[in-house]
$ cat protein.txt   # compact mmCIF, C-alpha atoms
# COMPACT_ATOMS: atom_id res chain seq x y z
CA MET S 1 -7.07 -11.00 -56.04
CA SER S 2 -9.50 -13.75 -55.04
CA LEU S 3 -10.42 -16.41 -57.58
CA LYS S 4 -14.08 -17.05 -58.35
CA LEU S 5 -14.90 -20.76 -58.41
CA ALA S 6 -17.90 -22.80 -59.52
CA VAL S 7 -18.70 -26.11 -57.89
CA ILE S 8 -20.32 -28.70 -60.14
CA GLY S 9 -21.69 -31.45 -57.96
CA LEU S 10 -24.15 -34.27 -57.27
CA SER S 11 -22.98 -37.83 -57.58
CA GLU S 12 -24.46 -40.42 -55.24
CA GLY S 13 -22.81 -40.67 -51.85
CA ASN S 14 -20.43 -37.75 -52.42
CA GLY S 15 -20.53 -34.78 -50.04
CA HIS S 16 -17.66 -32.84 -51.57
CA PRO S 17 -19.86 -30.01 -52.95
CA TYR S 18 -20.67 -29.20 -49.32
CA SER S 19 -17.26 -29.72 -47.74
CA TRP S 20 -15.12 -28.16 -50.47
CA SER S 21 -17.36 -25.08 -50.68
CA ALA S 22 -17.25 -24.66 -46.90
CA ILE S 23 -13.45 -24.72 -46.90
CA PHE S 24 -13.49 -21.64 -49.17
CA ASN S 25 -16.58 -19.83 -47.91
CA GLY S 26 -17.21 -20.92 -44.36
CA TYR S 27 -20.52 -22.54 -43.49
CA ASN S 28 -23.93 -22.13 -41.91
CA PRO S 29 -24.23 -24.84 -39.22
CA VAL S 30 -28.01 -25.25 -39.43
CA PRO S 31 -28.39 -26.28 -43.10
CA MET S 32 -25.00 -28.04 -43.04
CA GLU S 33 -26.30 -30.33 -40.32
CA ASP S 34 -28.83 -31.61 -42.88
CA CYS S 35 -26.33 -32.17 -45.70
CA GLY S 36 -26.74 -35.95 -45.51
CA PHE S 37 -23.12 -36.59 -44.51
CA PRO S 38 -22.88 -36.45 -40.70
CA VAL S 39 -19.08 -36.49 -40.70
CA ILE S 40 -18.90 -33.13 -42.53
CA PRO S 41 -20.44 -30.87 -39.86
CA ARG S 42 -18.46 -32.77 -37.20
CA TYR S 43 -15.06 -31.94 -38.67
CA LEU S 44 -16.11 -28.45 -39.77
CA GLU S 45 -17.17 -27.55 -36.22
CA GLN S 46 -13.68 -28.41 -34.99
CA GLN S 47 -12.18 -25.57 -37.05
CA THR S 48 -12.00 -21.83 -36.35
CA TRP S 49 -14.02 -19.69 -38.78
CA PRO S 50 -13.36 -17.65 -40.82
CA GLU S 51 -9.67 -18.03 -40.01
CA ASP S 52 -9.52 -21.59 -41.37
CA CYS S 53 -11.04 -20.68 -44.74
CA LEU S 54 -8.85 -20.68 -47.84
CA MET S 55 -8.62 -16.95 -48.48
CA ASP S 56 -7.35 -16.91 -52.08
CA ALA S 57 -10.63 -18.06 -53.66
CA LYS S 58 -14.38 -18.20 -53.05
CA VAL S 59 -17.05 -20.50 -54.45
CA THR S 60 -19.41 -18.06 -56.14
CA HIS S 61 -21.56 -20.42 -58.26
CA VAL S 62 -23.08 -23.87 -57.82
CA TRP S 63 -24.86 -26.26 -60.15
CA THR S 64 -26.25 -29.75 -59.65
CA GLN S 65 -28.89 -31.72 -61.51
CA ASP S 66 -31.26 -31.03 -58.62
CA LYS S 67 -32.14 -27.35 -58.11
CA GLN S 68 -33.38 -28.01 -54.59
CA LEU S 69 -30.06 -29.62 -53.68
CA SER S 70 -28.16 -26.77 -55.33
CA ASN S 71 -30.07 -24.29 -53.19
CA HIS S 72 -29.29 -26.29 -50.06
CA ILE S 73 -25.56 -26.40 -50.85
CA ALA S 74 -25.68 -22.65 -51.47
CA GLN S 75 -27.37 -22.04 -48.11
CA ALA S 76 -24.97 -24.32 -46.24
CA ALA S 77 -21.81 -22.82 -47.73
CA TYR S 78 -22.79 -19.21 -48.44
CA ILE S 79 -22.67 -19.54 -52.25
CA PRO S 80 -24.36 -16.48 -53.77
CA ASN S 81 -25.30 -17.85 -57.21
CA VAL S 82 -27.27 -20.98 -58.11
CA VAL S 83 -27.35 -21.62 -61.86
CA ASP S 84 -29.83 -23.64 -63.93
CA ASN S 85 -27.28 -24.83 -66.50
CA MET S 86 -23.70 -25.70 -65.63
CA LEU S 87 -22.47 -24.00 -68.80
CA ASP S 88 -23.75 -20.69 -67.42
CA VAL S 89 -20.71 -20.50 -65.15
CA ILE S 90 -18.15 -20.47 -67.97
CA ASP S 91 -18.01 -16.68 -68.38
CA GLU S 92 -18.54 -16.00 -64.68
CA VAL S 93 -15.73 -17.82 -62.88
CA ASP S 94 -11.96 -18.29 -62.99
CA ALA S 95 -11.93 -22.06 -62.36
CA VAL S 96 -14.24 -25.02 -61.80
CA LEU S 97 -14.42 -27.71 -59.11
CA LEU S 98 -15.92 -30.87 -60.63
CA ALA S 99 -16.94 -32.32 -57.27
CA ARG S 100 -18.28 -35.63 -58.57
CA ASP S 101 -16.64 -39.00 -57.99
CA ASP S 102 -18.46 -40.91 -60.73
CA ALA S 103 -15.35 -41.23 -62.88
CA GLU S 104 -17.22 -42.75 -65.81
CA ASN S 105 -18.89 -39.35 -66.33
CA HIS S 106 -15.85 -37.13 -65.84
CA LEU S 107 -14.97 -36.83 -69.51
CA SER S 108 -18.40 -35.58 -70.58
CA PHE S 109 -18.68 -33.10 -67.70
CA ALA S 110 -15.10 -31.86 -68.08
CA GLU S 111 -15.11 -31.30 -71.84
CA PRO S 112 -16.97 -27.94 -72.06
CA PHE S 113 -14.88 -26.39 -69.29
CA LEU S 114 -11.61 -27.60 -70.76
CA ASN S 115 -12.65 -26.35 -74.19
CA ALA S 116 -13.38 -22.96 -72.62
CA GLY S 117 -9.86 -22.85 -71.17
CA LEU S 118 -10.94 -22.95 -67.51
CA PRO S 119 -8.70 -24.62 -64.95
CA LEU S 120 -10.49 -27.71 -63.68
CA TYR S 121 -10.19 -29.69 -60.46
CA ILE S 122 -11.58 -33.18 -61.15
CA ASP S 123 -12.62 -35.21 -58.13
CA LYS S 124 -11.06 -38.60 -57.47
CA PRO S 125 -10.60 -40.94 -59.20
CA ILE S 126 -9.92 -38.96 -62.35
CA CYS S 127 -10.57 -41.98 -64.61
CA LEU S 128 -11.04 -45.74 -64.43
CA SER S 129 -8.86 -46.58 -67.45
CA VAL S 130 -5.70 -45.27 -69.05
CA ASN S 131 -7.58 -44.85 -72.33
CA GLU S 132 -10.08 -42.50 -70.64
CA LEU S 133 -7.21 -40.58 -69.06
CA GLU S 134 -5.59 -40.09 -72.45
CA GLN S 135 -8.90 -38.86 -73.93
CA LEU S 136 -9.29 -36.39 -71.08
CA TYR S 137 -5.77 -34.98 -71.36
CA ALA S 138 -6.17 -34.67 -75.12
CA LEU S 139 -8.64 -31.86 -74.30
CA GLU S 140 -6.17 -29.91 -72.15
CA LYS S 141 -5.47 -26.48 -73.67
CA TYR S 142 -2.31 -25.75 -71.65
CA PRO S 143 -0.11 -27.61 -69.14
CA GLY S 144 -1.65 -27.67 -65.70
CA GLN S 145 -5.24 -26.95 -66.78
CA ILE S 146 -6.31 -30.29 -65.27
CA PHE S 147 -5.82 -30.99 -61.58
CA SER S 148 -6.92 -34.18 -59.87
CA CYS S 149 -6.04 -36.12 -56.76
CA SER S 150 -7.23 -38.00 -53.78
CA ALA S 151 -6.78 -35.47 -51.01
CA LEU S 152 -5.29 -38.28 -48.93
CA ARG S 153 -2.12 -37.94 -50.98
CA PHE S 154 -1.60 -34.78 -48.88
CA ALA S 155 -2.57 -36.31 -45.52
CA ARG S 156 -0.05 -35.66 -42.77
CA GLU S 157 -0.79 -39.10 -41.38
CA PHE S 158 0.49 -40.73 -44.58
CA GLN S 159 3.90 -39.05 -44.51
CA LEU S 160 7.08 -40.66 -43.18
CA SER S 161 9.56 -38.55 -41.23
CA GLU S 162 13.31 -38.89 -41.66
CA GLY S 163 13.30 -40.70 -38.33
CA ASP S 164 10.68 -43.16 -39.56
CA ILE S 165 12.69 -43.89 -42.70
CA THR S 166 15.86 -44.44 -40.68
CA GLU S 167 14.03 -46.75 -38.28
CA ILE S 168 12.23 -48.99 -40.77
CA GLY S 169 14.78 -48.85 -43.58
CA PRO S 170 14.20 -48.95 -47.35
CA LEU S 171 10.58 -49.78 -48.19
CA VAL S 172 9.83 -53.26 -49.49
CA GLN S 173 6.04 -53.56 -49.08
CA ILE S 174 2.93 -51.51 -48.31
CA HIS S 175 -0.39 -53.06 -47.29
CA ALA S 176 -3.39 -50.72 -47.59
CA ILE S 177 -7.02 -51.03 -46.56
CA VAL S 178 -9.92 -48.69 -47.22
CA PRO S 179 -13.71 -48.92 -46.70
CA LYS S 180 -16.32 -49.19 -49.47
CA ASP S 181 -15.91 -50.03 -53.16
CA TRP S 182 -12.93 -50.37 -55.49
CA ASP S 183 -13.89 -47.90 -58.22
CA ARG S 184 -14.40 -44.88 -55.97
CA TYR S 185 -12.30 -45.56 -52.89
CA SER S 186 -9.19 -47.57 -53.78
CA VAL S 187 -7.66 -44.32 -55.05
CA HIS S 188 -7.58 -43.00 -51.48
CA VAL S 189 -4.81 -45.43 -50.58
CA ILE S 190 -3.27 -45.96 -54.02
CA GLU S 191 -2.14 -42.33 -54.30
CA PRO S 192 -0.39 -42.08 -50.91
CA LEU S 193 1.02 -45.58 -51.45
CA LEU S 194 2.62 -44.55 -54.73
CA ALA S 195 3.84 -41.27 -53.25
CA LEU S 196 5.62 -43.18 -50.48
CA ALA S 197 6.96 -45.88 -52.80
CA GLY S 198 8.55 -43.54 -55.33
CA ASN S 199 9.79 -44.86 -58.66
CA GLN S 200 9.71 -48.66 -58.60
CA GLY S 201 9.50 -49.20 -62.35
CA ALA S 202 6.55 -50.89 -64.02
CA VAL S 203 4.08 -53.31 -62.45
CA ARG S 204 5.21 -56.78 -63.58
CA GLU S 205 2.79 -59.02 -61.65
CA HIS S 206 -0.77 -58.61 -60.45
CA GLN S 207 -3.21 -60.89 -58.61
CA LYS S 208 -6.77 -60.28 -57.47
CA TRP S 209 -9.08 -61.89 -54.93
CA ARG S 210 -12.74 -61.21 -54.17
CA TYR S 211 -14.89 -62.33 -51.26
CA ARG S 212 -18.44 -61.04 -51.10
CA ASP S 213 -18.04 -57.26 -51.49
CA THR S 214 -14.40 -57.11 -50.43
CA CYS S 215 -11.63 -56.93 -53.02
CA THR S 216 -7.86 -57.37 -52.65
CA ASN S 217 -5.30 -56.64 -55.35
CA HIS S 218 -1.61 -57.49 -55.01
CA TYR S 219 1.02 -55.79 -57.17
CA ALA S 220 4.71 -56.44 -57.72
CA TRP S 221 6.97 -53.95 -59.48
CA GLU S 222 10.14 -54.42 -61.51
CA SER S 223 12.23 -53.34 -58.52
CA GLY S 224 10.80 -56.12 -56.34
CA PHE S 225 8.65 -53.70 -54.32
CA GLN S 226 5.19 -55.11 -53.54
CA ALA S 227 1.88 -53.69 -52.37
CA SER S 228 -1.60 -54.94 -51.59
CA VAL S 229 -4.76 -52.84 -51.67
CA THR S 230 -7.99 -54.07 -50.06
CA THR S 231 -11.36 -52.37 -50.33
CA MET S 232 -13.58 -53.63 -47.53
CA GLY S 233 -17.01 -53.01 -49.04
CA SER S 234 -19.66 -52.83 -46.35
CA LEU S 235 -17.29 -53.89 -43.56
CA GLY S 236 -16.02 -51.19 -41.26
CA CYS S 237 -12.28 -50.63 -41.11
CA PRO S 238 -9.71 -47.90 -40.52
CA LEU S 239 -8.34 -46.22 -43.62
CA SER S 240 -4.71 -47.19 -43.20
CA LEU S 241 -1.35 -48.17 -44.63
CA ARG S 242 1.10 -50.65 -43.12
CA VAL S 243 4.50 -49.56 -44.41
CA ILE S 244 7.15 -52.29 -44.23
CA GLY S 245 10.86 -51.68 -44.61
CA GLU S 246 13.93 -53.86 -44.45
CA CYS S 247 14.37 -53.09 -40.73
CA GLY S 248 10.85 -52.65 -39.41
CA TRP S 249 7.32 -51.46 -40.07
CA LYS S 250 4.93 -48.65 -39.20
CA ASP S 251 1.12 -48.39 -39.27
CA LEU S 252 -0.32 -45.14 -40.63
CA PHE S 253 -3.96 -44.27 -39.89
CA PHE S 254 -5.88 -41.47 -41.62
CA SER S 255 -7.88 -39.13 -39.38
CA ASP S 256 -7.76 -35.44 -40.42
CA THR S 257 -10.12 -35.01 -43.37
CA PHE S 258 -10.24 -31.23 -43.18
CA TYR S 259 -6.47 -30.80 -43.43
CA ALA S 260 -6.20 -33.15 -46.41
CA PHE S 261 -9.05 -31.46 -48.30
CA LYS S 262 -7.81 -27.95 -47.55
CA THR S 263 -4.26 -28.77 -48.61
CA ALA S 264 -5.41 -30.36 -51.89
CA LEU S 265 -7.71 -27.44 -52.71
CA ASN S 266 -4.97 -24.94 -51.91
CA CYS S 267 -2.61 -26.83 -54.22
CA PHE S 268 -5.14 -26.41 -57.05
CA VAL S 269 -5.66 -22.70 -56.34
CA GLN S 270 -1.94 -21.96 -56.22
CA GLY S 271 -1.49 -23.79 -59.50
CA VAL S 272 -4.17 -21.60 -61.07
CA PHE S 273 -2.54 -18.42 -59.76
CA ASN S 274 0.95 -19.41 -60.87
CA ARG S 275 0.03 -21.35 -64.04
CA GLU S 276 1.98 -24.32 -62.68
CA VAL S 277 1.43 -28.03 -63.23
CA MET S 278 0.37 -29.23 -59.78
CA SER S 279 -1.03 -32.59 -60.86
CA ASP S 280 1.54 -34.71 -62.71
CA VAL S 281 -0.06 -36.75 -65.49
CA ALA S 282 2.68 -39.40 -65.24
CA PHE S 283 1.77 -39.96 -61.59
CA LEU S 284 -1.94 -40.03 -62.42
CA GLN S 285 -1.28 -42.63 -65.11
CA LYS S 286 0.34 -44.92 -62.53
CA VAL S 287 -2.67 -44.42 -60.25
CA VAL S 288 -5.15 -45.20 -63.02
CA GLU S 289 -3.14 -48.23 -64.16
CA MET S 290 -3.49 -49.74 -60.68
CA ILE S 291 -7.21 -48.94 -60.54
CA GLU S 292 -7.77 -50.43 -64.00
CA LEU S 293 -5.87 -53.62 -63.16
CA GLY S 294 -7.97 -53.96 -60.02
CA ARG S 295 -11.21 -53.77 -62.02
CA LYS S 296 -10.30 -56.65 -64.31
CA SER S 297 -11.85 -60.05 -63.59
$ encode --input "protein.txt" --output "structure tokens"
Amino acid sequence: MSLKLAVIGLSEGNGHPYSWSAIFNGYNPVPMEDCGFPVIPRYLEQQTWPEDCLMDAKVTHVWTQDKQLSNHIAQAAYIPNVVDNMLDVIDEVDAVLLARDDAENHLSFAEPFLNAGLPLYIDKPICLSVNELEQLYALEKYPGQIFSCSALRFAREFQLSEGDITEIGPLVQIHAIVPKDWDRYSVHVIEPLLALAGNQGAVREHQKWRYRDTCTNHYAWESGFQASVTTMGSLGCPLSLRVIGECGWKDLFFSDTFYAFKTALNCFVQGVFNREVMSDVAFLQKVVEMIELGRKS
């Protein structure tokens, strides 16, 4: 059985409707070249098609606020159905990909699909405040209906091997940097940071610095573990974590977008098939708490 998915897209600067759909369906190189996100056709062309598609689901429907854009996504990623109203997909698909990263609008877009009982993948960041997260999860009809993550939580580059852990010792600090703005992009390093850190208790101290369009937030947990997260705004930088232990340190640099996206999407699909909770709300709450603290003046 192959799941039928709808992609609900179109938020400024977000190419996920193109890339996510291609990971399920494959892609047409000519229209994909004009998707507006040059990095997408570059990493797609490095894969082998159709072997590198996710085989357990297909994107069968697409909706955006712009019919012309919807048609272009459909052409680029072989999506057979373009709908005029996003609610038209409710009786036609098995699950929905909310491929928008404007978190302030997630609740309103998610509500009709959650009420209909459809499994829903919500693009990162799921919310910008814990209160919004609680409102969203209050709509969940069954455990595991909501899935959300930064795909970078699954990045191979952000994993530590047993050898790494032995070499650097117990973690004491992580310093993370990421391009662009806090609201949409800090989550890309916060999630892998928290996954590496494990349970450190509650955040007990927080400080924030701004300079022009860069933003740095420093956190200290009950355990004594500390982390800093810097969004670099318009400045170019590698998306990276410096992981510091009692005996040494290691720099981790993100590079393989396709693998991270494919692994995250597969996690969602397998959760739908098996009715499993693949996105832990307690973990998401920690993520959103850090994002919310970082937004405060």
$ closest_residue --input "protein.txt" --among "S:Cys237, S:Gly201, S:Gln226, S:Ala195" --to "S:Pro179" --atoms "all atoms listed in the file"
S:Cys237
$ residues_near_point --input "protein.txt" --point "(3.2, -30.0, -63.8)" --cutoff "12 Å" --atoms "all atoms listed in the file" --output "list in words"
Tyr142, Pro143, Gly144, Gln145, Ile146, Phe147, Ser148, Cys267, Phe268, Gly271, Val272, Asn274, Arg275, Glu276, Val277, Met278, Ser279, Asp280, Val281, Ala282, Phe283 and Leu284 of chain S
$ residues_near_point --input "protein.txt" --point "(-6.0, -38.4, -45.5)" --cutoff "8 Å" --atoms "all atoms listed in the file" --output "PDB file with C-alpha atoms, in the coordinates of the input"
ATOM      1  CA  ALA S 151      -6.780 -35.470 -51.010  1.00  0.00           C
ATOM      2  CA  LEU S 152      -5.290 -38.280 -48.930  1.00  0.00           C
ATOM      3  CA  ARG S 153      -2.120 -37.940 -50.980  1.00  0.00           C
ATOM      4  CA  PHE S 154      -1.600 -34.780 -48.880  1.00  0.00           C
ATOM      5  CA  ALA S 155      -2.570 -36.310 -45.520  1.00  0.00           C
ATOM      6  CA  ARG S 156      -0.050 -35.660 -42.770  1.00  0.00           C
ATOM      7  CA  GLU S 157      -0.790 -39.100 -41.380  1.00  0.00           C
ATOM      8  CA  PHE S 158       0.490 -40.730 -44.580  1.00  0.00           C
ATOM      9  CA  HIS S 188      -7.580 -43.000 -51.480  1.00  0.00           C
ATOM     10  CA  PHE S 254      -5.880 -41.470 -41.620  1.00  0.00           C
ATOM     11  CA  SER S 255      -7.880 -39.130 -39.380  1.00  0.00           C
ATOM     12  CA  ASP S 256      -7.760 -35.440 -40.420  1.00  0.00           C
ATOM     13  CA  THR S 257     -10.120 -35.010 -43.370  1.00  0.00           C
ATOM     14  CA  TYR S 259      -6.470 -30.800 -43.430  1.00  0.00           C
ATOM     15  CA  ALA S 260      -6.200 -33.150 -46.410  1.00  0.00           C
TER      16      ALA S 260
END
$ atom_distance --input "protein.txt" --atom1 "atom CA of S:Gly26" --atom2 "atom CA of S:Ile8"
17.9 Å
$ atom_distance --input "protein.txt" --atom1 "atom CA of S:Gln270" --atom2 "atom CA of S:Pro192"
20.9 Å
$ closest_residue --input "protein.txt" --among "S:Val287, S:Cys127, S:Leu133, S:Ala103" --to "S:Leu193" --atoms "only C-alpha atoms"
S:Val287
$ closest_residue --input "protein.txt" --among "S:Leu5, S:Val89, S:Val130, S:Val178" --to "S:Val269" --atoms "all atoms listed in the file"
S:Leu5
$ atom_distance --input "protein.txt" --atom1 "atom CA of S:Val93" --atom2 "atom CA of S:Glu33"
27.9 Å
$ closest_residue --input "protein.txt" --among "S:Ser240, S:Asn25, S:Asn115, S:Gln200" --to "S:Pro80" --atoms "all atoms listed in the file"
S:Asn25
$ residues_around --input "protein.txt" --residues "S:Gln65" --least-positions-apart "5" --cutoff "10 Å" --atoms "all atoms listed in the file" --output "list in words"
Ile8, Gly9, Leu10, Ser11, Ser70, Asp84, Asn85 and Met86 of chain S
$ write_last_selection --input "protein.txt" --atoms "C-alpha atoms" --output "short mmCIF file (atom, residue, chain, number, x, y, z; two decimals), in the coordinates of the input"
data_model
loop_
_atom_site.label_atom_id
_atom_site.label_comp_id
_atom_site.auth_asym_id
_atom_site.auth_seq_id
_atom_site.Cartn_x
_atom_site.Cartn_y
_atom_site.Cartn_z
CA ILE S 8 -20.32 -28.70 -60.14
CA GLY S 9 -21.69 -31.45 -57.96
CA LEU S 10 -24.15 -34.27 -57.27
CA SER S 11 -22.98 -37.83 -57.58
CA SER S 70 -28.16 -26.77 -55.33
CA ASP S 84 -29.83 -23.64 -63.93
CA ASN S 85 -27.28 -24.83 -66.50
CA MET S 86 -23.70 -25.70 -65.63
#
$ residues_around --input "protein.txt" --residues "S:Ser19" --least-positions-apart "3" --cutoff "9 Å" --atoms "all atoms listed in the file" --output "list of chain:residue names"
S:Gly15, S:His16, S:Ala22, S:Ile23, S:Tyr27, S:Ile40, S:Pro41, S:Leu44, S:Ala77, S:Phe258, S:Phe261
$ write_last_selection --input "protein.txt" --atoms "C-alpha atoms" --output "short mmCIF file (atom, residue, chain, number, x, y, z; two decimals), keeping the file's coordinate frame"
data_model
loop_
_atom_site.label_atom_id
_atom_site.label_comp_id
_atom_site.auth_asym_id
_atom_site.auth_seq_id
_atom_site.Cartn_x
_atom_site.Cartn_y
_atom_site.Cartn_z
CA GLY S 15 -20.53 -34.78 -50.04
CA HIS S 16 -17.66 -32.84 -51.57
CA ALA S 22 -17.25 -24.66 -46.90
CA ILE S 23 -13.45 -24.72 -46.90
CA TYR S 27 -20.52 -22.54 -43.49
CA ILE S 40 -18.90 -33.13 -42.53
CA PRO S 41 -20.44 -30.87 -39.86
CA LEU S 44 -16.11 -28.45 -39.77
CA ALA S 77 -21.81 -22.82 -47.73
CA PHE S 258 -10.24 -31.23 -43.18
CA PHE S 261 -9.05 -31.46 -48.30
#
